[in-house]
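Okay, so here's the structure we're looking at.
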Amino acid sequence: MDQKQRIVIIDDHPLFREGLKTIIERNDNFKVVDEAENAAQGIKIVKQHKPDLAIVDISLPDKNGIQLTREIRTQFPKIGIIIVSMHSKIDYIAEAFQAGANGYVVKESASERLLLSLETVAKGEYFLDSSVSQQVVKSLMEMPLQEAKISDSDYGSLTPREQEIMRLLAEGYPTKEIADKLFISPKTVENHRANIMKKLGLHSTMELVRYAVKLGLIDIDLWKD
């Protein structure tokens, strides 16, 4: 690349944003020009800087990252967009690419894969944080949207943050560990848990696990001895 690729980061976790910037600074081809903690700020800095690349968290407090990706793509079709997410299920991946994302990185592997994703997208190629091939990515984008989504309407009523916390609860993570992962307080996790159970009409953790398995959100092998 002849000049540095200009990047904006849109993520509501300050420590995670700082971690991403540290990783990006390892490569002289990239520089972070601004950052935002929500979608409203995100679209504002995109309009202001017109960056080459945007890193977008899938779970934002005011609008989910897929909606924001669609908005950015509509207004700025040349910007490369990389979604960062805790989720690796096909429904999230498919919808992200359909919305206009060029790359998808799972947060747990960001430290190893972020620079590769930036380099790949900067070259005009797609990047998926897995062994899935470019042909599969193209197939995902061609899938009808309703096939990519989880169909259960109750699950769809959850906010992106509630969906994130539901998955972690269903996978057996304790409240304190979820709070640490998401940079929120244990009390906030408990409040989200109560809202999730109420919206889904569930009464116990095992009911939550069975519900998540039914939707294909988690692997039941996680709960086997």
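Labels used: A, B, ... for chains in the order of the structure tokens, numbers from 1 for residues in each chain, and numbers from 1 for ligands as shown.
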
(request) List every residue of stretch 158-219 of chain A that DSSP, applied to the backbone of this structure, places in alpha helix (DSSP H), and write the result as an MDAnalysis selection string. (result) chainID A and resid 160:170 175:182 186:200 205:214

Save the residues we just selected, C-alpha atoms, as a PDB file, in the first residue's frame?
```
ATOM      1  CA  PRO A 160     -28.184  -7.315  20.723  1.00  0.00           C
ATOM      2  CA  ARG A 161     -26.683  -6.991  24.216  1.00  0.00           C
ATOM      3  CA  GLU A 162     -29.313  -9.328  25.680  1.00  0.00           C
ATOM      4  CA  GLN A 163     -28.614 -11.855  22.913  1.00  0.00           C
ATOM      5  CA  GLU A 164     -24.904 -11.616  23.716  1.00  0.00           C
ATOM      6  CA  ILE A 165     -25.488 -12.199  27.427  1.00  0.00           C
ATOM      7  CA  MET A 166     -28.020 -14.974  26.783  1.00  0.00           C
ATOM      8  CA  ARG A 167     -25.436 -16.941  24.806  1.00  0.00           C
ATOM      9  CA  LEU A 168     -22.840 -16.584  27.532  1.00  0.00           C
ATOM     10  CA  LEU A 169     -25.337 -17.629  30.198  1.00  0.00           C
ATOM     11  CA  ALA A 170     -26.392 -20.618  28.131  1.00  0.00           C
ATOM     12  CA  THR A 175     -22.196 -13.629  36.173  1.00  0.00           C
ATOM     13  CA  LYS A 176     -18.812 -12.268  37.275  1.00  0.00           C
ATOM     14  CA  GLU A 177     -17.012 -13.691  34.235  1.00  0.00           C
ATOM     15  CA  ILE A 178     -19.660 -12.314  31.867  1.00  0.00           C
ATOM     16  CA  ALA A 179     -19.303  -8.917  33.519  1.00  0.00           C
ATOM     17  CA  ASP A 180     -15.525  -9.042  33.062  1.00  0.00           C
ATOM     18  CA  LYS A 181     -15.818 -10.115  29.421  1.00  0.00           C
ATOM     19  CA  LEU A 182     -18.240  -7.326  28.545  1.00  0.00           C
ATOM     20  CA  PRO A 186     -22.332  -7.980  37.693  1.00  0.00           C
ATOM     21  CA  LYS A 187     -25.489  -6.073  38.667  1.00  0.00           C
ATOM     22  CA  THR A 188     -25.992  -5.058  35.023  1.00  0.00           C
ATOM     23  CA  VAL A 189     -25.588  -8.681  33.953  1.00  0.00           C
ATOM     24  CA  GLU A 190     -28.216  -9.746  36.486  1.00  0.00           C
ATOM     25  CA  ASN A 191     -30.605  -7.059  35.249  1.00  0.00           C
ATOM     26  CA  HIS A 192     -30.130  -8.243  31.670  1.00  0.00           C
ATOM     27  CA  ARG A 193     -30.641 -11.848  32.788  1.00  0.00           C
ATOM     28  CA  ALA A 194     -33.961 -10.953  34.426  1.00  0.00           C
ATOM     29  CA  ASN A 195     -35.123  -9.152  31.294  1.00  0.00           C
ATOM     30  CA  ILE A 196     -34.077 -12.080  29.090  1.00  0.00           C
ATOM     31  CA  MET A 197     -35.931 -14.632  31.194  1.00  0.00           C
ATOM     32  CA  LYS A 198     -39.039 -12.449  31.266  1.00  0.00           C
ATOM     33  CA  LYS A 199     -39.056 -11.831  27.499  1.00  0.00           C
ATOM     34  CA  LEU A 200     -38.519 -15.521  26.705  1.00  0.00           C
ATOM     35  CA  THR A 205     -30.903 -21.698  33.632  1.00  0.00           C
ATOM     36  CA  MET A 206     -31.539 -25.168  32.233  1.00  0.00           C
ATOM     37  CA  GLU A 207     -34.633 -23.901  30.424  1.00  0.00           C
ATOM     38  CA  LEU A 208     -32.415 -21.174  28.975  1.00  0.00           C
ATOM     39  CA  VAL A 209     -29.876 -23.779  27.857  1.00  0.00           C
ATOM     40  CA  ARG A 210     -32.551 -25.944  26.191  1.00  0.00           C
ATOM     41  CA  TYR A 211     -33.951 -22.879  24.437  1.00  0.00           C
ATOM     42  CA  ALA A 212     -30.490 -21.897  23.138  1.00  0.00           C
ATOM     43  CA  VAL A 213     -29.821 -25.439  21.919  1.00  0.00           C
ATOM     44  CA  LYS A 214     -33.190 -25.534  20.143  1.00  0.00           C
TER      45      LYS A 214
END
```

(request) For each of A:Ile93, A:Leu60, A:Lys47, A:Ser185, take the minimum atom-to-atom distance to A:Arg73, counting only C-alpha atoms, then give the residue where this is smallest. (result) A:Lys47

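Proximity to A:Arg113 at 12 Å, evaluated using only C-alpha atoms and with sequence-adjacent residues fewer than 3 positions away removed, yields Leu20, Ile23, Ile24, Ile82, Val84, Gly103, Tyr104, Val105, Val106, Lys107, Glu108, Ser109, Ala110, Leu116, Ser117, Leu118, Glu119, Thr120, Phe127, Leu128, Asp129 and Ser130 of chain A.
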
(request) Could you jot down the atom CA of A:Pro77 to atom CA of A:Gly100 separation for me, Å, one decimal place? (result)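 According to the coordinates, atom CA of A:Pro77 and atom CA of A:Gly100 are separated by 8.6 Å.
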